[in-house]
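Engineer: Okay, here's the structure, questions in a sec.
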Amino acid sequence: MSDTKLFELSIADAGRKLRDGSITSTALTEDALSRIAAIDPALDSFITVTADRARADAAAADAAFAKGIDGGPMQGVPYALKDIYDTAGIRSTCHSKLRLDHVPAADSVVESKFKAQGAVLLGKLATHEFALGGPSFDLPFPPARNPWNREHIPGGSSSGSGAAVAAGLVRMAMGSDTGGSIRGPAAYCGTVGLKPTYGLVSRRGVFPLSTTLDHCGPLSWTVEDSAIALQTIAGYDALDPASVDIPIPNYLDGLDRGVDGLRIGLPRHFFAKAEDVSAEVVAAIDRAAERLAKLGAVVEEITLPDYDLFNACGRIIMYTEAFAIHEQDFQRRPLDFGQLTYLRMTLGAFVTGADIQQAMRLRRELSRAVNLQLKNYDALITASALMPAPAFADIDPNSPPNWPIQTMPFNVTGNPAMSIPTGFSASGLPLSMQIVGRAFDESMVLRIGAAFESATGLSTRRPTLARG
């Protein structure tokens with residue numbers, strides 16, 4: 001092991017050592033449980049730690065390896081789930097009083113795929129209530145905190161997923177993304193966060209926020225680990241109406257091909273003069289574009305429709321669909337919602353049929369504009385978050401915050417998008433960018449991300465709080 005600690009091993013590295021017998025899944029799992037016990041009281045990233053289940057999963061994985069059985073790249077590797085994913089026999093709360101005692105009878109499709117490979121479930125992670133209302137202190141569980149500075153938010157709504165991965169409590173955690181809820185926490189916590197193409201990963205058994213915008217995807221420390229997770233969970237599900245039946249490629253193929261000769265579009269106007277944008281964010285993305293160009297890519301500025309059009313379109317759809325899902329509880333148990341959830345979701349009650357019709361029409365136009373650019377470019381790069389993670393003290397607890405992130409466009413269009421670190425602010429908080437690809441071309445997004453990650457070495461830097 002030399003100087004590498006167990007928690008610092010990537011999924012890929014851990015997998016190799018599990019298969020050559022130099023480590024065991026039990027050792028990985030006990031190390032993770034020990035770190036959770038020592039570190040998570042300061043972060044509140046976990047709602048439920050499934051220690052008994054984890055130990056049983058690890059023992060089963062070790063026994064399978066001993067018999068020469070290899071179920072897949074996640075076998076024996078610990079992971080965790082945002083607490084909107086159903087887990088049979090384990091409570092799935094959505095971070096809400098309304099589902100505090102909900103114990104599903106069946107697994108979500110994603111959980112069943114990890115279980116089938118022999119992965120090790122460490123537990124369920126904090127979110128914003130119903131993946132929408134937060135960060136809030138009026139819910140049954142406290143909000144997760146950012147490992148780089150616990151006085152700052154980790155982003156939302158996959159807040160526990162971002163915090164747990166950044167802190168080295170788990171190598172990969174599943175999140176969900178309706179308007180940026182994977183990429184936002186990844187940006188604020190300095191991890192990789194991948195929102196796959198709409199329809200690539202089944203959402204069955206994951207509590208919905210907005211059925212035409214919801215995506216499931218991983219947060220991880222490295223691009224390669226996100227590729228491994230995606231390989232495990234991608235695939236057609238006839239019982240998810242959004243699922244698309246297409247061949248699934250090997251997402252690990254081509255990660256090392258670099259970017260030489262690729263064409264990358266940069267809609268710099270999106271973020272460079274946006275309200276509240278940090279000069280550090282703009283400079284970091286400009287440096288990233290220069291780095292990609294030095295690696296051989298052709299990076300050119302392009303123009304897309306105004307960001308505000310994407311944002312307004314997505315939010316009208318999201319709030320309307322969210323209210324429709326929760327309407328009965330709004331009528332029967334309104335006081336059991338957290339304040340921020342209630343304020344946000346109530347907006348959906350005031351959207352008219354004409355509003356929805358116009359949003360759906362605009363959605364088609366915006367999708368066409370993005371995909372026309374992607375006919376000329378292999379991918380786009382743009383901002384994930386417009387500033388480093390805000391402090392809890394800077395957020396009005398009585399008013400829904402206006403998150404300074406620019407992730408909604410690619411929920412509207414459904415294109416794959418990945419947030420990746422670009423550096424750090426003067427205050428030591430992570431900076432980031434998004435890589436956006438053609439529909440179902442996750443391989444290209446991952447390839448570009450892997451090249452940038454390799455050139456910068458940013459995946460080796462971890463928060464002080466997480467050092468063990």
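A note on labels: chains of the structure tokens are A, B, ... as shown, every chain counts residues from 1, and ligands are counted from 1 in their shown order.
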Per residue of stretch 231-316 of chain A within 12 Å of stretch 218-222 of chain A, record the nearest atom pair and its distance in Å to one decimal, counting only C-alpha atoms, with rows in chain order and ascending residue number, as a Markdown table.
Structural biologist:
```
| residue | atom | partner | partner_atom | distance |
| --- | --- | --- | --- | --- |
| A:Gln231 | CA | A:Pro218 | CA | 10.8 |
| A:Thr232 | CA | A:Pro218 | CA | 10.6 |
| A:Ile233 | CA | A:Pro218 | CA | 9.4 |
| A:Ala234 | CA | A:Pro218 | CA | 11.2 |
| A:Leu255 | CA | A:Thr222 | CA | 11.7 |
```
Engineer: What lies within 9 Å of A:Leu239 using only C-alpha atoms, ignoring chain neighbours under 4 positions off, as an mmCIF file with C-alpha atoms, in the first residue's frame?
Structural biologist:
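Output below, filename out.cif:
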```
data_model
loop_
_atom_site.group_PDB
_atom_site.id
_atom_site.type_symbol
_atom_site.label_atom_id
_atom_site.label_comp_id
_atom_site.auth_asym_id
_atom_site.auth_seq_id
_atom_site.Cartn_x
_atom_site.Cartn_y
_atom_site.Cartn_z
ATOM 1 C CA SER A 202 -33.617 4.191 -14.988
ATOM 2 C CA ARG A 204 -37.699 3.678 -11.230
ATOM 3 C CA SER A 243 -35.934 5.042 -20.652
#
```
Engineer: Select, from A:Phe130, A:Tyr188, A:Tyr251, A:Phe207, the residue with the minimum atom-to-atom distance to A:Ser226, counting only C-alpha atoms.
Structural biologist: A:Tyr251
Engineer: Rank A:Pro267, A:Gly338, A:Pro78, A:Gly68 by their smallest atom-to-atom distance to A:Ala173, using only C-alpha atoms, and report the top residue only.
Structural biologist: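 Checking each candidate against A:Ala173, we get A:Pro78 as the closest.
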Engineer: Quick one: everything within 7 Å of A:Gly217, counting only C-alpha atoms, minus sequence neighbours fewer than 6 positions away in the same chain. Send it as an NGL selection string.
Structural biologist: :A and (174-176 or 194-196)
Engineer: What lies within 8 Å of A:Arg150 using only C-alpha atoms, ignoring chain neighbours under 4 positions off, as a ChimeraX atom specification?
Structural biologist: /A:42-43,145-146
Engineer: When you count only C-alpha atoms, which of these residues is closest to A:Val282: A:Val110, A:Cys94, A:Ala383, A:Met408?
Structural biologist: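 Under the stated criterion, the closest residue is A:Ala383.
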Engineer: List as a PyMOL selection string the protein and nucleic acid residues near A:Met418, meaning an atom at most 10 Å away when only C-alpha atoms are counted, but skip any in the same chain fewer than 4 places from it.
Structural biologist: chain A and resi 182-183+186-187+192-196+217-219+223+226+381+384+407+433-437+442+445-446+449
Engineer: Keeping only N, CA, C and O atoms, write the selected residues to a file as a JSON list (two decimals), in the first residue's frame.
Structural biologist:
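Writing the result to again.json gives the following:
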```json
[["chain", "number", "residue", "atom", "x", "y", "z"],
["A", 182, "ILE", "N", -26.78, 17.18, -9.09],
["A", 182, "ILE", "CA", -25.53, 16.43, -9.04],
["A", 182, "ILE", "C", -24.37, 17.39, -9.26],
["A", 182, "ILE", "O", -23.39, 17.41, -8.51],
["A", 183, "ARG", "N", -24.48, 18.20, -10.31],
["A", 183, "ARG", "CA", -23.37, 19.06, -10.70],
["A", 183, "ARG", "C", -23.12, 20.20, -9.72],
["A", 183, "ARG", "O", -21.97, 20.61, -9.52],
["A", 186, "ALA", "N", -21.20, 18.72, -6.76],
["A", 186, "ALA", "CA", -19.87, 18.39, -7.27],
["A", 186, "ALA", "C", -19.02, 19.65, -7.40],
["A", 186, "ALA", "O", -17.84, 19.67, -7.04],
["A", 187, "ALA", "N", -19.62, 20.72, -7.93],
["A", 187, "ALA", "CA", -18.89, 21.98, -8.10],
["A", 187, "ALA", "C", -18.46, 22.56, -6.76],
["A", 187, "ALA", "O", -17.31, 22.99, -6.60],
["A", 192, "VAL", "N", -16.12, 15.13, -9.07],
["A", 192, "VAL", "CA", -16.73, 14.92, -10.37],
["A", 192, "VAL", "C", -18.21, 14.61, -10.16],
["A", 192, "VAL", "O", -18.56, 13.86, -9.24],
["A", 193, "GLY", "N", -19.07, 15.17, -10.97],
["A", 193, "GLY", "CA", -20.50, 14.89, -10.89],
["A", 193, "GLY", "C", -21.08, 14.75, -12.28],
["A", 193, "GLY", "O", -21.04, 15.70, -13.07],
["A", 194, "LEU", "N", -21.60, 13.57, -12.60],
["A", 194, "LEU", "CA", -22.06, 13.28, -13.96],
["A", 194, "LEU", "C", -23.57, 13.15, -14.03],
["A", 194, "LEU", "O", -24.16, 12.28, -13.38],
["A", 195, "LYS", "N", -24.19, 14.03, -14.83],
["A", 195, "LYS", "CA", -25.61, 13.89, -15.18],
["A", 195, "LYS", "C", -25.67, 13.21, -16.55],
["A", 195, "LYS", "O", -25.33, 13.84, -17.56],
["A", 196, "PRO", "N", -26.08, 11.95, -16.61],
["A", 196, "PRO", "CA", -26.14, 11.28, -17.92],
["A", 196, "PRO", "C", -27.26, 11.86, -18.80],
["A", 196, "PRO", "O", -28.08, 12.66, -18.35],
["A", 217, "GLY", "N", -27.46, 9.94, -11.44],
["A", 217, "GLY", "CA", -26.06, 9.83, -11.83],
["A", 217, "GLY", "C", -25.14, 9.85, -10.63],
["A", 217, "GLY", "O", -25.56, 10.12, -9.51],
["A", 218, "PRO", "N", -23.85, 9.57, -10.86],
["A", 218, "PRO", "CA", -22.89, 9.44, -9.77],
["A", 218, "PRO", "C", -22.10, 10.71, -9.49],
["A", 218, "PRO", "O", -21.88, 11.54, -10.37],
["A", 219, "LEU", "N", -21.67, 10.83, -8.24],
["A", 219, "LEU", "CA", -20.62, 11.76, -7.85],
["A", 219, "LEU", "C", -19.44, 10.91, -7.40],
["A", 219, "LEU", "O", -19.62, 9.91, -6.69],
["A", 223, "VAL", "N", -12.88, 10.93, -12.70],
["A", 223, "VAL", "CA", -13.68, 10.69, -13.89],
["A", 223, "VAL", "C", -13.80, 9.19, -14.14],
["A", 223, "VAL", "O", -14.88, 8.69, -14.49],
["A", 226, "SER", "N", -16.49, 7.66, -12.09],
["A", 226, "SER", "CA", -17.83, 7.96, -12.61],
["A", 226, "SER", "C", -18.15, 7.08, -13.81],
["A", 226, "SER", "O", -19.29, 6.63, -13.99],
["A", 381, "ILE", "N", -17.89, 23.49, -23.17],
["A", 381, "ILE", "CA", -17.51, 23.71, -21.77],
["A", 381, "ILE", "C", -18.10, 25.03, -21.32],
["A", 381, "ILE", "O", -18.18, 26.00, -22.08],
["A", 384, "SER", "N", -20.22, 25.62, -14.12],
["A", 384, "SER", "CA", -21.16, 24.88, -13.27],
["A", 384, "SER", "C", -21.72, 25.84, -12.23],
["A", 384, "SER", "O", -22.90, 26.16, -12.24],
["A", 407, "THR", "N", -26.68, 25.23, -14.26],
["A", 407, "THR", "CA", -26.80, 23.83, -14.66],
["A", 407, "THR", "C", -28.12, 23.49, -15.33],
["A", 407, "THR", "O", -28.22, 22.48, -16.03],
["A", 433, "MET", "N", -16.04, 23.55, -13.72],
["A", 433, "MET", "CA", -16.68, 23.82, -15.01],
["A", 433, "MET", "C", -17.50, 22.61, -15.39],
["A", 433, "MET", "O", -17.36, 21.53, -14.82],
["A", 434, "GLN", "N", -18.38, 22.81, -16.39],
["A", 434, "GLN", "CA", -19.17, 21.72, -16.96],
["A", 434, "GLN", "C", -18.60, 21.33, -18.32],
["A", 434, "GLN", "O", -18.15, 22.18, -19.09],
["A", 435, "ILE", "N", -18.68, 20.04, -18.62],
["A", 435, "ILE", "CA", -18.42, 19.52, -19.97],
["A", 435, "ILE", "C", -19.73, 18.93, -20.46],
["A", 435, "ILE", "O", -20.32, 18.08, -19.79],
["A", 436, "VAL", "N", -20.20, 19.37, -21.60],
["A", 436, "VAL", "CA", -21.52, 19.00, -22.12],
["A", 436, "VAL", "C", -21.34, 18.29, -23.46],
["A", 436, "VAL", "O", -20.57, 18.76, -24.32],
["A", 437, "GLY", "N", -22.05, 17.18, -23.64],
["A", 437, "GLY", "CA", -21.88, 16.40, -24.86],
["A", 437, "GLY", "C", -23.16, 16.21, -25.65],
["A", 437, "GLY", "O", -24.24, 16.64, -25.24],
["A", 442, "GLU", "N", -21.83, 10.09, -23.65],
["A", 442, "GLU", "CA", -21.11, 10.20, -22.38],
["A", 442, "GLU", "C", -19.64, 9.87, -22.55],
["A", 442, "GLU", "O", -18.78, 10.42, -21.83],
["A", 445, "VAL", "N", -17.72, 13.03, -23.23],
["A", 445, "VAL", "CA", -17.67, 13.87, -22.03],
["A", 445, "VAL", "C", -16.63, 13.33, -21.06],
["A", 445, "VAL", "O", -15.79, 14.07, -20.51],
["A", 446, "LEU", "N", -16.66, 12.02, -20.83],
["A", 446, "LEU", "CA", -15.71, 11.39, -19.92],
["A", 446, "LEU", "C", -14.29, 11.49, -20.44],
["A", 446, "LEU", "O", -13.33, 11.72, -19.67],
["A", 449, "GLY", "N", -13.03, 14.99, -19.87],
["A", 449, "GLY", "CA", -12.82, 15.16, -18.44],
["A", 449, "GLY", "C", -11.58, 14.45, -17.94],
["A", 449, "GLY", "O", -10.81, 14.98, -17.13]]
```
Engineer: Compile the contact shell of A:Ala272 as a list of chain:residue names: residues with an atom at most 12 Å away, counting only C-alpha atoms, same-chain residues fewer than 3 positions apart removed.
Structural biologist: A:Leu266, A:Pro267, A:Arg268, A:His269, A:Glu275, A:Asp276, A:Val277, A:Ser278, A:Ala279, A:Glu280, A:Val281, A:Val282, A:Ala283, A:Ala284, A:Ile285, A:Asp286, A:Glu301, A:Tyr307, A:Thr382, A:Ala383, A:Ala385, A:Leu386, A:Met387, A:Gln406
Engineer: Excluding A:Gly123 and residues on its chain fewer than 4 positions from it, collect all residues at most 6 Å away from it, counting only C-alpha atoms, and give them as number ranges by chain.
Structural biologist: A: 48-50, 80
Engineer: I need the alpha helix (DSSP H) residues of stretch 120-289 of chain A per DSSP on the backbone, written as a ChimeraX atom specification.
Structural biologist: /A:159-166,183-189,223-233,279-289
Engineer: Atoms to include: N, CA and C atoms. Write the selected residues as a compact mmCIF listing (two decimals), in the first residue's frame.
Structural biologist:
```txt
# COMPACT_ATOMS: atom_id res chain seq x y z
N SER A 159 -26.69 16.93 -1.52
CA SER A 159 -25.73 17.56 -0.62
C SER A 159 -24.89 16.54 0.14
N GLY A 160 -25.54 15.51 0.67
CA GLY A 160 -24.80 14.48 1.38
C GLY A 160 -23.87 13.71 0.46
N SER A 161 -24.29 13.51 -0.78
CA SER A 161 -23.46 12.79 -1.74
C SER A 161 -22.18 13.57 -2.03
N GLY A 162 -22.30 14.88 -2.27
CA GLY A 162 -21.12 15.69 -2.52
C GLY A 162 -20.19 15.73 -1.33
N ALA A 163 -20.77 15.92 -0.14
CA ALA A 163 -19.95 16.02 1.07
C ALA A 163 -19.25 14.71 1.38
N ALA A 164 -19.96 13.59 1.27
CA ALA A 164 -19.39 12.29 1.63
C ALA A 164 -18.26 11.89 0.69
N VAL A 165 -18.42 12.17 -0.61
CA VAL A 165 -17.36 11.84 -1.56
C VAL A 165 -16.15 12.74 -1.33
N ALA A 166 -16.38 14.05 -1.19
CA ALA A 166 -15.27 14.97 -0.99
C ALA A 166 -14.48 14.65 0.27
N ARG A 183 -24.48 18.20 -10.31
CA ARG A 183 -23.37 19.06 -10.70
C ARG A 183 -23.12 20.20 -9.72
N GLY A 184 -24.18 20.70 -9.07
CA GLY A 184 -23.99 21.76 -8.08
C GLY A 184 -23.17 21.30 -6.88
N PRO A 185 -23.55 20.20 -6.21
CA PRO A 185 -22.72 19.69 -5.12
C PRO A 185 -21.32 19.29 -5.56
N ALA A 186 -21.20 18.72 -6.76
CA ALA A 186 -19.87 18.39 -7.27
C ALA A 186 -19.02 19.65 -7.40
N ALA A 187 -19.62 20.72 -7.93
CA ALA A 187 -18.89 21.98 -8.10
C ALA A 187 -18.46 22.56 -6.76
N TYR A 188 -19.36 22.60 -5.80
CA TYR A 188 -19.06 23.21 -4.51
C TYR A 188 -18.13 22.35 -3.65
N CYS A 189 -18.15 21.04 -3.87
CA CYS A 189 -17.35 20.13 -3.05
C CYS A 189 -16.08 19.65 -3.75
N VAL A 223 -12.88 10.93 -12.70
CA VAL A 223 -13.68 10.69 -13.89
C VAL A 223 -13.80 9.19 -14.14
N GLU A 224 -12.71 8.46 -13.99
CA GLU A 224 -12.75 7.02 -14.21
C GLU A 224 -13.77 6.34 -13.31
N ASP A 225 -13.84 6.78 -12.05
CA ASP A 225 -14.81 6.18 -11.13
C ASP A 225 -16.24 6.48 -11.55
N SER A 226 -16.49 7.66 -12.09
CA SER A 226 -17.83 7.96 -12.61
C SER A 226 -18.15 7.08 -13.81
N ALA A 227 -17.14 6.81 -14.64
CA ALA A 227 -17.34 5.92 -15.79
C ALA A 227 -17.69 4.51 -15.33
N ILE A 228 -17.02 4.04 -14.28
CA ILE A 228 -17.31 2.70 -13.75
C ILE A 228 -18.73 2.65 -13.20
N ALA A 229 -19.11 3.68 -12.46
CA ALA A 229 -20.47 3.71 -11.91
C ALA A 229 -21.51 3.75 -13.02
N LEU A 230 -21.26 4.58 -14.04
CA LEU A 230 -22.21 4.67 -15.15
C LEU A 230 -22.33 3.34 -15.87
N GLN A 231 -21.21 2.64 -16.04
CA GLN A 231 -21.25 1.34 -16.69
C GLN A 231 -22.18 0.38 -15.95
N THR A 232 -22.21 0.52 -14.63
CA THR A 232 -23.04 -0.36 -13.80
C THR A 232 -24.51 -0.04 -13.91
N ILE A 233 -24.86 1.24 -13.98
CA ILE A 233 -26.27 1.63 -13.85
C ILE A 233 -26.97 1.93 -15.17
N ALA A 279 -14.90 36.49 -10.32
CA ALA A 279 -13.78 36.62 -11.26
C ALA A 279 -12.90 35.38 -11.22
N GLU A 280 -12.85 34.71 -10.07
CA GLU A 280 -12.04 33.50 -9.95
C GLU A 280 -12.62 32.37 -10.80
N VAL A 281 -13.94 32.28 -10.85
CA VAL A 281 -14.58 31.25 -11.68
C VAL A 281 -14.28 31.49 -13.15
N VAL A 282 -14.45 32.73 -13.59
CA VAL A 282 -14.20 33.05 -15.00
C VAL A 282 -12.75 32.77 -15.36
N ALA A 283 -11.83 33.18 -14.51
CA ALA A 283 -10.41 32.97 -14.79
C ALA A 283 -10.07 31.48 -14.83
N ALA A 284 -10.69 30.71 -13.94
CA ALA A 284 -10.41 29.27 -13.91
C ALA A 284 -10.91 28.57 -15.17
N ILE A 285 -12.07 28.97 -15.68
CA ILE A 285 -12.59 28.36 -16.91
C ILE A 285 -11.75 28.80 -18.10
N ASP A 286 -11.33 30.07 -18.12
CA ASP A 286 -10.44 30.52 -19.19
C ASP A 286 -9.14 29.73 -19.18
N ARG A 287 -8.60 29.48 -18.00
CA ARG A 287 -7.37 28.67 -17.91
C ARG A 287 -7.63 27.24 -18.37
N ALA A 288 -8.81 26.71 -18.02
CA ALA A 288 -9.15 25.36 -18.46
C ALA A 288 -9.23 25.28 -19.97
N ALA A 289 -9.83 26.29 -20.59
CA ALA A 289 -9.91 26.32 -22.05
C ALA A 289 -8.51 26.37 -22.67
```
Engineer: Stretch 255-406 of chain A: which residues are strand (DSSP E or B) by DSSP, as an MDAnalysis selection string?
Structural biologist: chainID A and resid 263:266 298:301 379:382 385 391 405
Engineer: From the options A:Leu18, A:Glu151, A:Val103, A:Pro400, which residue's atoms come nearest to A:Gln339, counting only C-alpha atoms?
Structural biologist: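 For A:Gln339, the nearest of the given residues is A:Pro400.
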Engineer: Can you work out the spacing between atom CA of A:Met444 and atom CA of A:Pro247 in Å, to one decimal?
Structural biologist: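 Atom-to-atom, atom CA of A:Met444 to atom CA of A:Pro247, that is 15.8 Å.
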Engineer: Which residue gives the smallest distance to A:Arg16 among A:Ala389, A:Met74, A:Lys67, A:Arg91, with only C-alpha atoms counted?
Structural biologist: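 Nearest candidate to A:Arg16 out of A:Ala389, A:Met74, A:Lys67, A:Arg91: A:Met74.
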